[in-house]
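Below: query01.cif (mmCIF, C-alpha atoms)
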data_my_file
#
loop_
_atom_site.label_atom_id
_atom_site.label_comp_id
_atom_site.auth_asym_id
_atom_site.auth_seq_id
_atom_site.Cartn_x
_atom_site.Cartn_y
_atom_site.Cartn_z
CA ASP I 667 20.87 -9.56 -59.44
CA ALA I 668 20.96 -8.31 -63.02
CA GLY I 669 23.99 -6.06 -62.50
CA ILE I 670 22.47 -2.62 -62.91
CA THR I 671 22.67 0.07 -60.26
CA GLN I 672 21.55 3.68 -60.02
CA SER I 673 22.91 6.56 -57.98
CA PRO I 674 21.87 8.48 -56.10
CA ARG I 675 18.80 6.56 -54.98
CA HIS I 676 17.22 9.61 -53.37
CA LYS I 677 17.90 13.29 -53.95
CA VAL I 678 16.27 16.59 -53.07
CA THR I 679 17.43 19.58 -55.07
CA GLU I 680 16.43 23.18 -55.65
CA THR I 681 14.81 24.59 -58.75
CA GLY I 682 17.39 25.78 -61.26
CA THR I 683 20.23 23.56 -60.12
CA PRO I 684 21.85 20.94 -62.35
CA VAL I 685 21.40 17.28 -61.41
CA THR I 686 23.08 14.18 -62.78
CA LEU I 687 21.82 10.65 -62.25
CA ARG I 688 24.13 7.76 -62.94
CA CYS I 689 23.31 4.29 -64.23
CA HIS I 690 26.02 1.65 -64.05
CA GLN I 691 25.86 -1.87 -65.49
CA THR I 692 28.24 -4.78 -65.27
CA GLU I 693 26.71 -6.94 -68.03
CA ASN I 694 28.27 -5.27 -71.09
CA HIS I 695 24.79 -4.79 -72.56
CA ARG I 696 24.57 -2.61 -75.62
CA TYR I 697 21.24 -0.84 -75.03
CA MET I 698 20.49 1.40 -72.09
CA TYR I 699 17.46 3.53 -71.28
CA TRP I 700 16.23 6.23 -68.93
CA TYR I 701 12.53 6.28 -67.99
CA ARG I 702 10.53 8.41 -65.63
CA GLN I 703 7.54 7.10 -63.71
CA ASP I 704 4.68 9.37 -62.74
CA PRO I 705 1.18 8.61 -61.43
CA GLY I 706 -1.31 8.26 -64.27
CA HIS I 707 1.42 8.09 -66.91
CA GLY I 708 3.16 4.80 -66.30
CA LEU I 709 6.73 4.78 -67.53
CA ARG I 710 7.79 7.19 -70.25
CA LEU I 711 11.04 7.00 -72.17
CA ILE I 712 13.35 10.00 -71.77
CA HIS I 713 16.44 8.97 -73.74
CA TYR I 714 18.07 5.76 -74.81
CA SER I 715 21.46 4.60 -76.03
CA TYR I 716 22.34 1.93 -78.57
CA GLY I 717 26.08 2.07 -78.05
CA VAL I 718 28.95 4.19 -76.78
CA LYS I 719 28.33 7.80 -77.80
CA ASP I 720 25.14 6.74 -79.64
CA THR I 721 22.01 8.16 -78.06
CA ASP I 722 18.54 9.22 -79.14
CA LYS I 723 15.52 10.99 -77.72
CA GLY I 724 12.46 9.37 -76.27
CA GLU I 725 8.98 10.80 -75.87
CA VAL I 726 9.74 13.19 -72.97
CA SER I 727 13.29 14.38 -73.63
CA ASP I 728 12.84 18.14 -73.19
CA GLY I 729 14.96 19.44 -70.31
CA TYR I 730 17.14 16.31 -70.20
CA SER I 731 20.44 15.34 -71.75
CA VAL I 732 22.40 12.09 -71.63
CA SER I 733 25.90 10.86 -72.19
CA ARG I 734 27.45 7.46 -72.67
CA SER I 735 31.23 7.65 -72.85
CA LYS I 736 31.69 3.97 -71.99
CA THR I 737 29.52 0.88 -72.21
CA GLU I 738 28.89 0.52 -68.50
CA ASP I 739 27.74 4.06 -67.68
CA PHE I 740 24.73 6.03 -68.87
CA LEU I 741 24.31 9.48 -67.32
CA LEU I 742 21.11 11.52 -67.23
CA THR I 743 21.49 15.26 -66.65
CA LEU I 744 18.84 17.80 -65.79
CA GLU I 745 20.55 21.02 -66.85
CA SER I 746 18.30 23.24 -64.73
CA ALA I 747 15.88 21.26 -62.61
CA THR I 748 12.21 22.25 -62.47
CA SER I 749 9.42 21.07 -60.18
CA SER I 750 7.84 19.20 -63.11
CA GLN I 751 10.89 16.94 -63.10
CA THR I 752 10.08 15.63 -59.65
CA SER I 753 9.67 11.94 -60.40
CA VAL I 754 11.06 8.48 -60.02
CA TYR I 755 13.72 7.73 -62.62
CA PHE I 756 14.50 4.22 -63.79
CA CYS I 757 17.44 3.07 -65.79
CA ALA I 758 17.21 -0.11 -67.87
CA MET I 759 19.41 -2.25 -70.09
CA THR I 760 19.17 -5.06 -72.62
CA GLU I 761 21.30 -6.78 -75.20
CA SER I 762 18.64 -7.22 -77.87
CA ALA I 763 14.96 -6.66 -78.59
CA LEU I 764 14.06 -10.28 -77.76
CA ASP I 765 15.97 -10.34 -74.51
CA THR I 766 14.71 -9.34 -71.11
CA ILE I 767 15.05 -5.66 -70.29
CA TYR I 768 16.46 -5.29 -66.79
CA PHE I 769 15.63 -2.32 -64.62
CA GLY I 770 17.52 -0.59 -61.87
CA GLU I 771 15.87 0.06 -58.53
CA GLY I 772 15.00 3.67 -59.26
CA SER I 773 16.13 7.15 -58.24
CA TRP I 774 13.65 9.31 -56.37
CA LEU I 775 14.20 12.96 -57.30
CA THR I 776 12.39 15.85 -55.64
CA VAL I 777 12.82 19.37 -56.99
CA VAL I 778 11.75 22.06 -54.51
CA GLY M 361 2.95 5.10 -83.43
CA ASN M 362 3.24 2.25 -80.96
CA SER M 363 1.01 2.22 -77.92
CA VAL M 364 -0.25 -0.03 -75.16
CA THR M 365 -3.61 0.28 -73.44
CA GLN M 366 -4.32 -1.63 -70.26
CA MET M 367 -7.35 -1.69 -68.04
CA GLU M 368 -7.65 1.06 -65.50
CA GLY M 369 -7.16 0.15 -61.90
CA PRO M 370 -7.11 -0.22 -59.12
CA VAL M 371 -8.19 -3.83 -58.97
CA THR M 372 -9.05 -5.30 -55.57
CA LEU M 373 -9.57 -9.03 -55.15
CA SER M 374 -9.86 -11.55 -52.37
CA GLU M 375 -7.25 -14.25 -51.99
CA GLU M 376 -7.79 -17.21 -54.35
CA ALA M 377 -9.89 -15.15 -56.76
CA PHE M 378 -9.35 -15.27 -60.53
CA LEU M 379 -7.42 -12.38 -62.04
CA THR M 380 -7.63 -10.86 -65.50
CA ILE M 381 -5.89 -7.64 -66.49
CA ASN M 382 -6.66 -6.62 -70.06
CA CYS M 383 -4.00 -5.30 -72.41
CA THR M 384 -4.30 -4.29 -76.05
CA TYR M 385 -1.66 -2.83 -78.28
CA THR M 386 -1.07 -0.88 -81.46
CA ALA M 387 2.12 -1.53 -83.37
CA THR M 388 3.44 -1.94 -86.87
CA GLY M 389 5.26 -5.10 -87.76
CA TYR M 390 5.72 -7.93 -85.30
CA PRO M 391 6.13 -6.67 -81.76
CA SER M 392 7.30 -8.62 -78.74
CA LEU M 393 4.98 -8.35 -75.75
CA PHE M 394 5.79 -8.28 -72.04
CA TRP M 395 4.24 -8.09 -68.61
CA TYR M 396 6.33 -6.45 -65.92
CA VAL M 397 5.54 -6.32 -62.20
CA GLN M 398 6.56 -3.64 -59.72
CA TYR M 399 6.37 -4.36 -56.00
CA PRO M 400 6.17 -1.39 -53.62
CA GLY M 401 9.39 0.62 -53.50
CA GLU M 402 11.13 -1.51 -56.10
CA GLY M 403 12.05 -1.44 -59.77
CA LEU M 404 10.31 -3.41 -62.49
CA GLN M 405 10.79 -7.12 -62.94
CA LEU M 406 9.93 -9.11 -66.02
CA LEU M 407 6.98 -11.40 -65.26
CA LEU M 408 6.53 -13.04 -68.65
CA LYS M 409 6.93 -12.42 -72.36
CA ALA M 410 5.85 -13.64 -75.79
CA THR M 411 7.70 -12.91 -78.99
CA LYS M 412 5.33 -14.13 -81.70
CA ALA M 413 1.65 -14.67 -82.36
CA ASP M 414 -0.06 -17.48 -80.39
CA ASP M 415 2.87 -17.79 -77.98
CA LYS M 416 1.89 -18.17 -74.35
CA GLY M 417 4.13 -16.66 -71.72
CA SER M 418 3.89 -18.03 -68.19
CA ASN M 419 5.57 -17.55 -64.83
CA LYS M 420 4.62 -17.89 -61.14
CA GLY M 421 1.09 -19.02 -62.08
CA PHE M 422 0.51 -16.04 -64.36
CA GLU M 423 0.00 -16.48 -68.06
CA ALA M 424 -0.76 -14.41 -71.15
CA THR M 425 -1.30 -15.36 -74.79
CA TYR M 426 -0.18 -13.22 -77.72
CA ARG M 427 -3.31 -12.76 -79.85
CA LYS M 428 -2.48 -11.00 -83.09
CA GLU M 429 -6.06 -11.12 -84.40
CA THR M 430 -7.34 -9.12 -81.43
CA THR M 431 -4.01 -7.29 -80.75
CA SER M 432 -4.24 -8.38 -77.14
CA PHE M 433 -2.04 -9.83 -74.40
CA HIS M 434 -4.29 -10.24 -71.36
CA LEU M 435 -2.74 -11.31 -68.06
CA GLU M 436 -4.47 -14.07 -66.08
CA LYS M 437 -3.96 -15.99 -62.88
CA GLY M 438 -6.28 -18.64 -61.58
CA SER M 439 -5.83 -18.02 -57.85
CA VAL M 440 -4.19 -14.85 -56.59
CA GLN M 441 -2.30 -14.50 -53.32
CA VAL M 442 -1.72 -11.53 -51.04
CA SER M 443 1.90 -11.53 -52.21
CA ASP M 444 0.72 -10.77 -55.77
CA SER M 445 -0.27 -7.26 -54.70
CA ALA M 446 1.73 -4.97 -56.98
CA VAL M 447 1.51 -2.77 -60.06
CA TYR M 448 1.43 -4.66 -63.37
CA PHE M 449 2.61 -3.12 -66.63
CA CYS M 450 1.98 -4.36 -70.13
CA ALA M 451 4.67 -3.38 -72.63
CA LEU M 452 5.93 -3.96 -76.14
CA THR M 453 9.01 -3.60 -78.26
CA PRO M 454 8.22 -3.07 -81.94
CA GLY M 455 10.84 -5.50 -83.17
CA GLY M 456 13.35 -5.22 -85.93
CA SER M 457 15.97 -2.61 -85.13
CA ASN M 458 13.70 -0.72 -82.71
CA TYR M 459 14.59 -1.58 -79.14
CA LYS M 460 12.42 0.95 -77.36
CA LEU M 461 10.06 -0.50 -74.79
CA THR M 462 6.65 1.18 -74.69
CA PHE M 463 4.58 0.75 -71.53
CA GLY M 464 0.95 0.89 -70.60
CA LYS M 465 0.03 3.07 -67.63
CA GLY M 466 0.01 0.22 -65.14
CA THR M 467 -2.69 -1.50 -63.10
CA LEU M 468 -2.53 -1.58 -59.32
CA LEU M 469 -3.63 -4.93 -57.91
CA THR M 470 -4.46 -5.34 -54.23
CA VAL M 471 -5.23 -8.80 -52.89
CA ASN M 472 -6.91 -9.00 -49.50
CA PRO M 473 -6.69 -12.03 -47.21
#
As C-alpha coordinates:
Amino acid sequence: DAGITQSPRHKVTETGTPVTLRCHQTENHRYMYWYRQDPGHGLRLIHYSYGVKDTDKGEVSDGYSVSRSKTEDFLLTLESATSSQTSVYFCAMTESALDTIYFGEGSWLTVV
Amino acid sequence: GNSVTQMEGPVTLSEEAFLTINCTYTATGYPSLFWYVQYPGEGLQLLLKATKADDKGSNKGFEATYRKETTSFHLEKGSVQVSDSAVYFCALTPGGSNYKLTFGKGTLLTVNP
(Lines of atoms letter the chains of each structure in order from A and count residues from 1; the text may use other names and numbers.)
(Lines give C-alpha, C1' and ligand atoms only; values in the text may rest on other atoms or scores of the structure.)
Protein backbone atom coordinates (compact mmCIF):
# COMPACT_ATOMS: atom_id res chain seq x y z
CA ASP A 1 0.00 0.00 0.00
CA ALA A 2 1.21 3.48 -0.92
CA GLY A 3 -0.05 5.11 2.27
CA ILE A 4 -2.80 7.34 0.96
CA THR A 5 -6.39 7.15 2.15
CA GLN A 6 -9.57 9.08 1.41
CA SER A 7 -12.63 9.69 3.54
CA PRO A 8 -15.48 9.33 3.25
CA ARG A 9 -15.46 6.69 0.55
CA HIS A 10 -19.14 7.16 -0.24
CA LYS A 11 -21.42 10.09 0.49
CA VAL A 12 -24.87 11.25 -0.56
CA THR A 13 -25.66 14.88 0.15
CA GLU A 14 -28.30 17.45 -0.72
CA THR A 15 -27.92 20.35 -3.10
CA GLY A 16 -26.69 23.46 -1.34
CA THR A 17 -24.97 21.72 1.56
CA PRO A 18 -21.23 21.99 2.22
CA VAL A 19 -19.13 18.85 1.82
CA THR A 20 -15.52 18.18 2.78
CA LEU A 21 -13.47 15.28 1.48
CA ARG A 22 -10.28 14.36 3.27
CA CYS A 23 -7.08 12.93 1.84
CA HIS A 24 -4.49 11.61 4.28
CA GLN A 25 -0.99 10.38 3.44
CA THR A 26 1.69 8.80 5.56
CA GLU A 27 4.61 9.16 3.11
CA ASN A 28 5.55 12.79 3.78
CA HIS A 29 5.20 13.53 0.06
CA ARG A 30 5.31 17.17 -0.92
CA TYR A 31 2.78 17.24 -3.79
CA MET A 32 -0.87 16.36 -3.44
CA TYR A 33 -3.74 16.56 -5.92
CA TRP A 34 -7.50 16.33 -6.18
CA TYR A 35 -9.02 14.96 -9.40
CA ARG A 36 -12.56 14.21 -10.43
CA GLN A 37 -13.46 11.37 -12.77
CA ASP A 38 -16.48 11.57 -15.03
CA PRO A 39 -17.55 9.45 -18.01
CA GLY A 40 -16.21 10.86 -21.26
CA HIS A 41 -13.82 13.22 -19.49
CA GLY A 42 -11.25 10.98 -17.89
CA LEU A 43 -9.60 12.56 -14.87
CA ARG A 44 -9.54 16.32 -14.52
CA LEU A 45 -7.44 18.24 -12.04
CA ILE A 46 -9.39 20.31 -9.51
CA HIS A 47 -6.65 21.69 -7.24
CA TYR A 48 -3.17 20.73 -6.25
CA SER A 49 -0.71 21.53 -3.48
CA TYR A 50 3.06 21.86 -3.62
CA GLY A 51 3.58 22.27 0.10
CA VAL A 52 1.92 23.24 3.37
CA LYS A 53 -0.37 26.20 2.73
CA ASP A 54 0.74 26.27 -0.94
CA THR A 55 -2.07 25.43 -3.33
CA ASP A 56 -3.09 26.26 -6.87
CA LYS A 57 -6.04 25.77 -9.19
CA GLY A 58 -6.45 23.07 -11.77
CA GLU A 59 -8.64 23.03 -14.84
CA VAL A 60 -12.00 22.57 -13.07
CA SER A 61 -11.62 24.50 -9.81
CA ASP A 62 -14.87 26.51 -9.84
CA GLY A 63 -17.05 25.61 -6.85
CA TYR A 64 -14.19 23.93 -4.98
CA SER A 65 -11.70 25.08 -2.38
CA VAL A 66 -8.81 23.27 -0.72
CA SER A 67 -6.66 23.55 2.35
CA ARG A 68 -3.40 22.01 3.43
CA SER A 69 -2.49 22.98 6.98
CA LYS A 70 -0.09 20.06 7.42
CA THR A 71 1.85 17.82 5.07
CA GLU A 72 -0.25 14.72 5.57
CA ASP A 73 -3.72 16.18 4.99
CA PHE A 74 -5.26 17.76 1.90
CA LEU A 75 -8.92 18.75 2.22
CA LEU A 76 -11.33 19.40 -0.64
CA THR A 77 -14.43 21.45 0.16
CA LEU A 78 -17.54 21.95 -1.91
CA GLU A 79 -18.93 25.13 -0.37
CA SER A 80 -22.45 24.57 -1.71
CA ALA A 81 -22.81 21.25 -3.50
CA THR A 82 -24.57 21.09 -6.88
CA SER A 83 -25.74 18.12 -8.91
CA SER A 84 -22.95 18.77 -11.44
CA GLN A 85 -20.47 17.90 -8.70
CA THR A 86 -21.75 14.34 -8.51
CA SER A 87 -18.59 12.44 -9.39
CA VAL A 88 -15.83 10.19 -8.20
CA TYR A 89 -13.05 12.14 -6.53
CA PHE A 90 -9.48 10.89 -6.40
CA CYS A 91 -6.67 12.19 -4.30
CA ALA A 92 -3.06 11.64 -5.37
CA MET A 93 0.44 12.33 -4.12
CA THR A 94 4.03 12.34 -5.32
CA GLU A 95 7.42 13.55 -4.20
CA SER A 96 8.69 14.74 -7.58
CA ALA A 97 7.78 14.94 -11.25
CA LEU A 98 9.81 11.82 -12.11
CA ASP A 99 8.39 9.73 -9.31
CA THR A 100 5.28 7.62 -9.40
CA ILE A 101 2.07 9.45 -8.56
CA TYR A 102 0.05 7.36 -6.13
CA PHE A 103 -3.72 7.51 -6.04
CA GLY A 104 -6.21 6.95 -3.29
CA GLU A 105 -9.12 4.57 -3.78
CA GLY A 106 -11.65 7.28 -4.58
CA SER A 107 -14.62 8.98 -2.94
CA TRP A 108 -18.00 8.51 -4.58
CA LEU A 109 -20.09 11.66 -4.07
CA THR A 110 -23.74 11.95 -5.08
CA VAL A 111 -25.50 15.30 -4.84
CA VAL A 112 -29.30 14.98 -4.90
CA GLY B 1 -1.28 23.82 -23.29
CA ASN B 2 -0.51 20.22 -22.47
CA SER B 3 -2.87 17.52 -23.65
CA VAL B 4 -3.12 13.79 -24.17
CA THR B 5 -5.22 12.08 -26.81
CA GLN B 6 -5.85 8.36 -26.66
CA MET B 7 -7.89 6.09 -28.86
CA GLU B 8 -11.57 5.93 -28.18
CA GLY B 9 -12.92 2.77 -26.67
CA PRO B 10 -14.28 0.49 -25.81
CA VAL B 11 -11.90 -2.16 -27.05
CA THR B 12 -13.02 -5.79 -26.94
CA LEU B 13 -10.56 -8.61 -27.56
CA SER B 14 -10.39 -12.34 -27.18
CA GLU B 15 -7.90 -13.87 -24.77
CA GLU B 16 -4.38 -14.13 -26.22
CA ALA B 17 -5.02 -11.42 -28.80
CA PHE B 18 -2.54 -8.60 -29.45
CA LEU B 19 -3.35 -5.25 -27.87
CA THR B 20 -2.50 -1.75 -29.01
CA ILE B 21 -3.92 1.40 -27.43
CA ASN B 22 -2.75 4.54 -29.18
CA CYS B 23 -1.69 7.65 -27.27
CA THR B 24 -0.35 10.93 -28.60
CA TYR B 25 0.53 14.03 -26.66
CA THR B 26 1.09 17.75 -26.93
CA ALA B 27 3.53 19.36 -24.53
CA THR B 28 6.26 21.93 -24.38
CA GLY B 29 9.65 20.90 -23.15
CA TYR B 30 10.45 17.34 -22.16
CA PRO B 31 7.48 15.60 -20.60
CA SER B 32 7.45 12.33 -18.71
CA LEU B 33 4.87 9.85 -19.98
CA PHE B 34 2.80 7.31 -18.08
CA TRP B 35 0.22 4.59 -18.48
CA TYR B 36 -2.12 4.05 -15.57
CA VAL B 37 -4.64 1.23 -15.18
CA GLN B 38 -7.91 1.30 -13.26
CA TYR B 39 -9.63 -1.95 -12.35
CA PRO B 40 -13.37 -1.83 -11.61
CA GLY B 41 -14.16 -0.02 -8.37
CA GLU B 42 -10.55 0.87 -7.66
CA GLY B 43 -8.19 3.80 -7.90
CA LEU B 44 -5.50 4.22 -10.52
CA GLN B 45 -2.27 2.25 -10.46
CA LEU B 46 0.87 3.09 -12.37
CA LEU B 47 1.42 0.50 -15.10
CA LEU B 48 4.58 1.86 -16.68
CA LYS B 49 6.43 5.09 -17.39
CA ALA B 50 9.15 6.64 -19.55
CA THR B 51 10.96 9.83 -18.71
CA LYS B 52 12.92 10.60 -21.87
CA ALA B 53 12.81 10.04 -25.61
CA ASP B 54 13.35 6.45 -26.84
CA ASP B 55 12.87 5.02 -23.34
CA LYS B 56 10.74 1.90 -23.19
CA GLY B 57 8.58 1.35 -20.15
CA SER B 58 7.45 -2.19 -19.40
CA ASN B 59 5.49 -4.06 -16.75
CA LYS B 60 3.31 -7.19 -16.55
CA GLY B 61 3.85 -7.89 -20.27
CA PHE B 62 2.80 -4.39 -21.30
CA GLU B 63 5.22 -2.03 -22.95
CA ALA B 64 5.30 1.46 -24.46
CA THR B 65 8.07 3.44 -26.16
CA TYR B 66 8.47 7.20 -25.83
CA ARG B 67 8.61 8.48 -29.42
CA LYS B 68 9.42 12.17 -29.49
CA GLU B 69 9.40 12.39 -33.29
CA THR B 70 5.79 11.23 -33.47
CA THR B 71 4.81 12.54 -29.97
CA SER B 72 3.43 9.11 -29.17
CA PHE B 73 3.44 6.57 -26.34
CA HIS B 74 1.38 3.63 -27.58
CA LEU B 75 0.60 0.79 -25.18
CA GLU B 76 1.09 -2.78 -26.41
CA LYS B 77 0.76 -6.30 -25.10
CA GLY B 78 1.42 -9.41 -27.09
CA SER B 79 -1.17 -11.68 -25.48
CA VAL B 80 -3.93 -10.27 -23.31
CA GLN B 81 -5.68 -12.11 -20.50
CA VAL B 82 -9.16 -11.78 -19.04
CA SER B 83 -7.56 -10.22 -15.96
CA ASP B 84 -6.30 -7.32 -18.11
CA SER B 85 -9.86 -6.04 -18.47
CA ALA B 86 -9.74 -2.49 -17.10
CA VAL B 87 -9.63 1.17 -18.09
CA TYR B 88 -6.23 2.38 -19.31
CA PHE B 89 -5.16 6.01 -19.07
CA CYS B 90 -2.27 7.69 -20.83
CA ALA B 91 -0.85 10.68 -18.97
CA LEU B 92 2.00 13.15 -18.88
CA THR B 93 3.77 15.54 -16.58
CA PRO B 94 5.37 18.45 -18.42
CA GLY B 95 8.60 18.30 -16.48
CA GLY B 96 10.67 21.00 -14.91
CA SER B 97 8.86 22.58 -11.99
CA ASN B 98 5.41 21.58 -13.28
CA TYR B 99 4.15 18.55 -11.40
CA LYS B 100 0.61 18.45 -12.74
CA LEU B 101 -0.41 15.16 -14.30
CA THR B 102 -2.60 15.53 -17.39
CA PHE B 103 -4.68 12.51 -18.42
CA GLY B 104 -6.25 11.23 -21.57
CA LYS B 105 -9.91 10.25 -21.39
CA GLY B 106 -9.24 6.57 -20.86
CA THR B 107 -9.82 3.44 -22.92
CA LEU B 108 -11.99 0.62 -21.62
CA LEU B 109 -10.56 -2.79 -22.47
CA THR B 110 -12.65 -5.94 -22.17
CA VAL B 111 -11.01 -9.30 -22.74
CA ASN B 112 -13.30 -12.27 -23.32
CA PRO B 113 -12.31 -15.88 -22.62
Interface, chain I side, toward chain M (9 Å; all atoms listed in the file) as JSON, numbers by chain: {"I": [697, 699, 705, 706, 707, 708, 709, 710, 711, 714, 716, 724, 756, 760, 762, 763, 764, 766, 767, 768, 769, 770, 771, 772]}
Best match for closeness to Ser443 in chain M among M:Gln366, M:Phe378, M:Pro473, M:Asn419, counting only C-alpha atoms: M:Pro473
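Selection result for the displayed file, with the PyMOL selection byres ((chain M and resi 362) around 6) as criterion, is Gly361, Ser363, Thr386 and Ala387 of chain M.
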Requested write-out: C-alpha atoms of the selected residues, as a PDB file, in the coordinates of the input:
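So the final result, stored in out-v4.pdb, reads:
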ATOM      1  CA  GLY M 361       2.950   5.100 -83.430  1.00  0.00           C
ATOM      2  CA  SER M 363       1.010   2.220 -77.920  1.00  0.00           C
ATOM      3  CA  THR M 386      -1.070  -0.880 -81.460  1.00  0.00           C
ATOM      4  CA  ALA M 387       2.120  -1.530 -83.370  1.00  0.00           C
TER       5      ALA M 387
END
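When the PyMOL selection byres ((chain I and resi 733-737) around 8) is run on the displayed coordinates, the residues it returns are Asn694, His695, Arg696, Ser715, Gly717, Val718, Lys719, Asp720, Thr721, Ser731, Val732, Glu738, Asp739, Phe740, Leu741 and Leu742 of chain I.
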The PyMOL selection byres ((chain I and resi 682) around 7) applied to the shown file, residues as a ChimeraX atom specification: /I:680-681,683-684,746-748
Atomic distance CA of Tyr448 in chain M - CA of Ile381 in chain M, expressed in Å with one decimal: 8.5 Å
